[in-house]
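To keep things clear, I will list the structure first and then write my remarks on it.
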Amino acid sequence: MLLADLAHVSGAVAATSARSRKIALLAGLFRAAAPEDAPVVIPYLAGRLPQGRIGVGWSVLREPVPAAGRATLTVADVDAALTGLAQVSGPGAQAERRRRVRELLAAATGEEQRFLAGLLTGEVRQGALDALAAEGLAAAAGVPAADLRRAVMLAGSLQDVARALLADGPPALAEFRLTVGRPVGPMLAHTAASVAEAIDKLGACAVEEKLDGIRIQVHRDGADVRIHTRTLDEVAGRLPEVTALARDLPAARFILDGEVIALDDAGRPVPFQRVAGRFGSRVDVSAARAALPLSPVFFDVLHVDGRELLELPVAQRHPELARLVPEHLRVRRCVVEDPADAGARAAAEEFWHRTLRRGHEGVVVKALDAPYSAGRRGAAWLKVKPVHTLDLVVLAAEWGHGRRTGKLSNLHLGARGPDGGFVMLGKTFKGLTDATLGWQTARLQQLAVVDDGHVVTVRPELVVEIAYDGLQASTRYPAGVTLRFARVVRYREDKTAAEADSVETVLAARGEAAGRPGGDEAGRMGGDEAGRMGGGE
């Protein structure tokens with residue numbers, strides 16, 4: 001497949017708001033794709049590189065390269081070139097990356113160059129693209145979308161299903177079954193504003209603690225234990241404590257869904273960054289384990305000794321989990337059998353507040369009658385987290401690419417510093433509608449001081465309300481912290497920069513979160529209590 005065809009469809013999908021039109025465009029693309037194209041076409045459409053980060057930034061792309069007169073690049077050509085780029089290292093690596101990127105761009109047409117630049121910089125973003133791609137693939141192959149989604153759920157990979165379907169036709173779907181040892185896409189959650197709202201939407205439900213840990217899926221087949229992340233990477237070698245625990249459970253074959261977290265000496269959850277650092281240790285795992293032991297928490301079971309449980313409702317899966325996993329390793333939960341029962345609702349609200357006092361990030365509310373919709377963000381699970389907001393000042397913005405070409409997109413955000421200046425806390429392009437993008441581009445250009453072709457530095461006058469999930473330590477920014485999952489709520493033209501939040505306020509909020517009193521219950525939490533704290537989506 002020519003890259004030009006992919007780039008054209010990507011742009012057309014971004015340009016239309018009609019779901020049916022998006023699916024039709026994607027179906028046409030898949031009809032023209034070869035089976036071997038699928039593992040590259042699907043991530044490219046969503047703005048992902050199969051190679052991950054390859055060390056190419058704006059400094060490499062800043063200088064224009066004359067475009068090719070006609071389209072000759074194939075998707076396979078580009079994938080091979082980027083694989084080569086990802087392998088460049090050592091002395092002279094930056095110059096070699098620049099040479100290879102320019103060589104690739106020289107072989108691309110203007111439209112292809114814009115697509116490649118957006119892909120390399122993360123600016124090719126298509127919301128819910130994987131779900132739309134599945135619909136388009138089903139239409140192209142003439143199979144029911146529900147059958148294709150189930151195959152993807154069991155395969156854990158849309159790319160694998162697409163390759164098989166394009167090669168062998170509809171019968172290929174029957175080959176994908178729930179198999180111990182082969183990861184499936186985890187069920188994910190939508191968001192609700194409050195516990196009360198979630199109960200109103202779901203009816204009879206379980207309210208479970210939501211941890212800021214790392215999602216794991218544990219497969220045991222006899223002595224063989226495999227552990228997979230949310231992105232389906234195999235990581236058993238990094239988690240010897242979880243592997244040993246899985247071998248001690250009273251079943252020979254199973255699939256469990258859960259998270260790993262860590263606790264400090266006071267029994268409170270340690271910051272996610274420390275958990276991620278331990279989780280990422282690959283060289284001296286024993287030393288890393290001794291420095292920060294991780295505790296597994298399980299909140300669902302998908303298979304036990306030959307019985308597939310995906311279609312069972314939560315109310316029936318949980319007893320199966322309880323028979324397999326001891327209480328101290330299961331999620332802490334509160335069940336609301338009757339959503340009209342005022343006492344049950346009050347207990348759920350109290351459970352939410354106690355969860356926050358214990359230092360966790362919120363709850364996940366799960367409908368008791370819901371099956372496990374693997375690989376999907378279903379409406380049967382709703383996560384509820386407190387919303388934090390700050391009023392910050394826009395210090396600069398970056399020119400966008402892809403569908404945001406010609407618009408100022410990524411915002412540089414700052415809080416008031418003690419010296420009267422502004423201290424940068426991070427960046428975000430999330431939460432921006434097309435209308436907001438257009439408005440902020442015009443407004444920021446009025447405030448522009450310097451434009452280097454990539455970043456536009458502006459007078460610090462415009463205040464924007466930012467929602468964020470928390471703060472994390474960062475050596476990249478002068479305050480030593482940055483915002484997690486920041487997104488734009490609205491611009492505050494009613495406020496001046498002098499009324500924006502200060503760095504002192506930001507750091508105080510972080511301190512309050514870290515030291516939030518947990519009452520007697522937090523003080524009682526120790527060793528085995530780790531297993532009672534559940535979460536995940």
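Ligands are numbered from 1 in the order shown, residues from 1 within each chain, and chains are lettered A, B, ... in the order they appear in the structure tokens.
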
Excluding region 274-284 of chain A and residues on its chain fewer than 2 positions from it, collect all residues at most 9 Å away from it, counting only C-alpha atoms, and give them as a PDB file with C-alpha atoms, in the first residue's frame.
ATOM      1  CA  GLY A 213      -0.799   1.360  40.122  1.00  0.00           C
ATOM      2  CA  ILE A 214       0.153  -0.671  37.068  1.00  0.00           C
ATOM      3  CA  VAL A 235       6.794  -8.750  32.249  1.00  0.00           C
ATOM      4  CA  GLY A 237      10.695 -11.518  34.798  1.00  0.00           C
ATOM      5  CA  ARG A 238      10.297  -8.118  36.476  1.00  0.00           C
ATOM      6  CA  LEU A 239       7.744  -9.330  39.051  1.00  0.00           C
ATOM      7  CA  VAL A 260       0.539  -3.927  41.340  1.00  0.00           C
ATOM      8  CA  ILE A 261       1.146  -1.152  43.852  1.00  0.00           C
ATOM      9  CA  ALA A 262       3.618  -0.382  46.653  1.00  0.00           C
ATOM     10  CA  VAL A 270       3.799   5.367  47.265  1.00  0.00           C
ATOM     11  CA  PRO A 271       3.753   7.706  44.240  1.00  0.00           C
ATOM     12  CA  PHE A 272       3.163   6.116  40.871  1.00  0.00           C
ATOM     13  CA  SER A 286      16.406  -8.714  43.093  1.00  0.00           C
ATOM     14  CA  ALA A 287      17.914  -5.442  44.334  1.00  0.00           C
ATOM     15  CA  ALA A 288      14.980  -3.454  42.962  1.00  0.00           C
ATOM     16  CA  ARG A 289      12.558  -5.828  44.697  1.00  0.00           C
ATOM     17  CA  ALA A 291      14.305  -1.678  47.708  1.00  0.00           C
ATOM     18  CA  LEU A 292      10.610  -1.512  46.802  1.00  0.00           C
ATOM     19  CA  PRO A 293       8.535  -4.690  46.995  1.00  0.00           C
ATOM     20  CA  LEU A 294       5.374  -4.604  44.926  1.00  0.00           C
TER      21      LEU A 294
END

- In region 308-511 of chain A, what's strand (DSSP E) per DSSP? Answer as an MDAnalysis selection string? chainID A and resid 308 333:336 362:367 377:384 388:399 408:416 422:428 448:451 455:458 463:468 470:473 481:484 487:491

- Message: I'd like to know which residues of region 276-481 of chain A are alpha helix (DSSP H) (by DSSP, run on the backbone); could you write them as a VMD selection string?
- Response: chain A and resid 276 to 279 285 to 291 314 to 324 342 to 357 434 to 446

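In this structure, CA of Thr355 (chain A) sits 8.3 Å away from CA of Lys210 (chain A).
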
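Picture a line from CA of Asp419 (chain A) to CA of Val481 (chain A); it runs 18.2 Å.
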
- Tell me which protein, DNA and RNA residues are within 9 Å of Asp79 (chain A), counting only C-alpha atoms, leaving out same-chain ones fewer than 5 positions away, and put them as a PyMOL selection string. chain A and resi 40+49-51+74+84

- Task: Give me, please, the distance in Å between CA of Tyr477 (chain A) and CA of Gly431 (chain A), quoted to one decimal.
- Result: 22.2 Å

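Here the question is which of A:Gly136, A:Ala76, A:Pro64, A:Ala174 gets nearest to Arg102 (chain A) using only C-alpha atoms, and that residue is A:Pro64.
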
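Residues surrounding Gly426 (chain A) within 8 Å are His412, Leu413, Gly414, Tyr477, Thr482 and Leu483 of chain A [only C-alpha atoms; sequence separation below 6 positions excluded].
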
Writer output for current selection, N, CA, C and O atoms, as a PDB file, in the first residue's frame:
ATOM      1  N   HIS A 412       2.254  25.806  26.759  1.00  0.00           N
ATOM      2  CA  HIS A 412       3.227  25.805  27.843  1.00  0.00           C
ATOM      3  C   HIS A 412       2.592  26.560  29.005  1.00  0.00           C
ATOM      4  O   HIS A 412       2.202  27.725  28.863  1.00  0.00           O
ATOM      5  N   LEU A 413       2.497  25.922  30.163  1.00  0.00           N
ATOM      6  CA  LEU A 413       1.711  26.446  31.272  1.00  0.00           C
ATOM      7  C   LEU A 413       2.597  26.839  32.448  1.00  0.00           C
ATOM      8  O   LEU A 413       3.518  26.102  32.813  1.00  0.00           O
ATOM      9  N   GLY A 414       2.285  27.977  33.069  1.00  0.00           N
ATOM     10  CA  GLY A 414       3.089  28.452  34.188  1.00  0.00           C
ATOM     11  C   GLY A 414       2.256  28.950  35.343  1.00  0.00           C
ATOM     12  O   GLY A 414       1.123  29.414  35.162  1.00  0.00           O
ATOM     13  N   TYR A 477      11.269  20.543  35.029  1.00  0.00           N
ATOM     14  CA  TYR A 477      10.658  21.844  35.262  1.00  0.00           C
ATOM     15  C   TYR A 477      11.187  22.449  36.567  1.00  0.00           C
ATOM     16  O   TYR A 477      11.473  21.726  37.535  1.00  0.00           O
ATOM     17  N   THR A 482       5.468  18.445  37.878  1.00  0.00           N
ATOM     18  CA  THR A 482       4.720  18.715  36.658  1.00  0.00           C
ATOM     19  C   THR A 482       3.324  18.140  36.815  1.00  0.00           C
ATOM     20  O   THR A 482       3.058  17.343  37.733  1.00  0.00           O
ATOM     21  N   LEU A 483       2.407  18.542  35.952  1.00  0.00           N
ATOM     22  CA  LEU A 483       1.011  18.121  36.030  1.00  0.00           C
ATOM     23  C   LEU A 483       0.834  16.769  35.349  1.00  0.00           C
ATOM     24  O   LEU A 483       1.374  16.542  34.263  1.00  0.00           O
TER      25      LEU A 483
END

- Excluding same-chain residues fewer than 3 positions from Lys407 (chain A), what lies within 7 Å of it counting only C-alpha atoms, as a PyMOL selection string? chain A and resi 399-400+404+437-438+441

- Message: Set the distance at 10 Å and use only C-alpha atoms: which residues neighbour Leu188 (chain A) once local chain neighbours fewer than 5 positions away are removed? I'd like the list as a PyMOL selection string.
- Response: chain A and resi 230+372-383+536-537

Output file for the selection above: N, CA, C and O atoms, as a CSV table (one decimal), in the first residue's frame:
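Ended up saving to result34.csv:
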chain,number,residue,atom,x,y,z
A,230,ARG,N,-1.1,-3.6,30.7
A,230,ARG,CA,-2.3,-3.1,30.0
A,230,ARG,C,-2.0,-3.1,28.4
A,230,ARG,O,-2.9,-3.3,27.7
A,372,TYR,N,-17.6,-9.3,31.2
A,372,TYR,CA,-16.2,-8.7,31.0
A,372,TYR,C,-16.0,-8.4,29.5
A,372,TYR,O,-15.9,-9.3,28.7
A,373,SER,N,-16.1,-7.1,29.2
A,373,SER,CA,-16.0,-6.7,27.8
A,373,SER,C,-14.5,-6.4,27.6
A,373,SER,O,-14.1,-5.2,27.6
A,374,ALA,N,-13.7,-7.4,27.4
A,374,ALA,CA,-12.3,-7.3,27.2
A,374,ALA,C,-11.9,-6.4,26.1
A,374,ALA,O,-12.6,-6.4,25.0
A,375,GLY,N,-10.9,-5.5,26.3
A,375,GLY,CA,-10.4,-4.7,25.2
A,375,GLY,C,-11.3,-3.5,24.9
A,375,GLY,O,-11.0,-2.7,23.9
A,376,ARG,N,-12.3,-3.2,25.7
A,376,ARG,CA,-13.2,-2.1,25.4
A,376,ARG,C,-13.4,-1.2,26.6
A,376,ARG,O,-13.3,-1.6,27.8
A,377,ARG,N,-13.7,0.0,26.3
A,377,ARG,CA,-14.0,1.0,27.4
A,377,ARG,C,-15.5,1.0,27.5
A,377,ARG,O,-16.2,1.9,26.9
A,378,GLY,N,-16.1,0.1,28.2
A,378,GLY,CA,-17.5,-0.1,28.3
A,378,GLY,C,-18.2,0.9,29.3
A,378,GLY,O,-17.6,1.4,30.2
A,379,ALA,N,-19.5,1.0,29.1
A,379,ALA,CA,-20.3,1.9,30.0
A,379,ALA,C,-20.6,1.2,31.3
A,379,ALA,O,-21.3,1.8,32.2
A,380,ALA,N,-20.3,-0.1,31.4
A,380,ALA,CA,-20.6,-0.8,32.6
A,380,ALA,C,-19.6,-0.6,33.8
A,380,ALA,O,-19.9,-1.1,34.9
A,381,TRP,N,-18.5,0.0,33.5
A,381,TRP,CA,-17.5,0.3,34.5
A,381,TRP,C,-17.4,1.9,34.4
A,381,TRP,O,-17.1,2.4,33.3
A,382,LEU,N,-17.5,2.5,35.5
A,382,LEU,CA,-17.4,4.0,35.6
A,382,LEU,C,-16.4,4.4,36.7
A,382,LEU,O,-16.6,4.0,37.8
A,383,LYS,N,-15.3,5.1,36.3
A,383,LYS,CA,-14.4,5.5,37.3
A,383,LYS,C,-14.7,6.9,37.8
A,383,LYS,O,-15.2,7.8,37.0
A,536,GLY,N,-7.8,0.0,39.3
A,536,GLY,CA,-7.6,-0.2,37.9
A,536,GLY,C,-9.0,0.1,37.2
A,536,GLY,O,-10.0,0.3,37.8
A,537,GLU,N,-8.9,0.1,35.9
A,537,GLU,CA,-10.2,0.3,35.2
A,537,GLU,C,-10.9,-1.0,34.9
A,537,GLU,O,-11.4,-1.2,33.9

- If we count only C-alpha atoms, what is near Arg317 (chain A) at a cut-off of 9 Å, once residues fewer than 3 positions away on the same chain are taken out, given as an NGL selection string? :A and (300-302 or 309-310 or 312-314 or 320-322 or 371)

Residues as selected, C-alpha atoms, written as a PDB file, in the first residue's frame, can you do that?
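What landed in result-v1.pdb:
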ATOM      1  CA  ASP A 300     -11.427  -9.933  38.365  1.00  0.00           C
ATOM      2  CA  VAL A 301     -11.033 -13.454  36.994  1.00  0.00           C
ATOM      3  CA  LEU A 302     -11.540 -14.428  33.343  1.00  0.00           C
ATOM      4  CA  LEU A 309     -15.922 -16.630  32.651  1.00  0.00           C
ATOM      5  CA  LEU A 310     -16.026 -13.632  30.312  1.00  0.00           C
ATOM      6  CA  LEU A 312     -20.659 -14.196  33.425  1.00  0.00           C
ATOM      7  CA  PRO A 313     -21.852 -11.009  35.187  1.00  0.00           C
ATOM      8  CA  VAL A 314     -19.755  -9.315  37.866  1.00  0.00           C
ATOM      9  CA  GLU A 320     -15.164 -17.272  41.550  1.00  0.00           C
ATOM     10  CA  LEU A 321     -12.431 -14.737  42.336  1.00  0.00           C
ATOM     11  CA  ALA A 322     -13.041 -15.162  46.066  1.00  0.00           C
ATOM     12  CA  PRO A 371     -19.955  -9.303  31.553  1.00  0.00           C
TER      13      PRO A 371
END

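Nearest residue to Gln472 (chain A) among A:Val449, A:Val423, A:Val184, A:Val506 is A:Val506, counting only C-alpha atoms.
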
- With distances taken over only C-alpha atoms, which of A:Val41, A:Ala196, A:Leu104, A:Ala479 is nearest to Leu85 (chain A)? A:Leu104

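Using only C-alpha atoms, the shortest contact distance between Arg226 (chain A) and any of A:Val363, A:Ile255, A:Ile199, A:Ala139 is found at A:Ile255.
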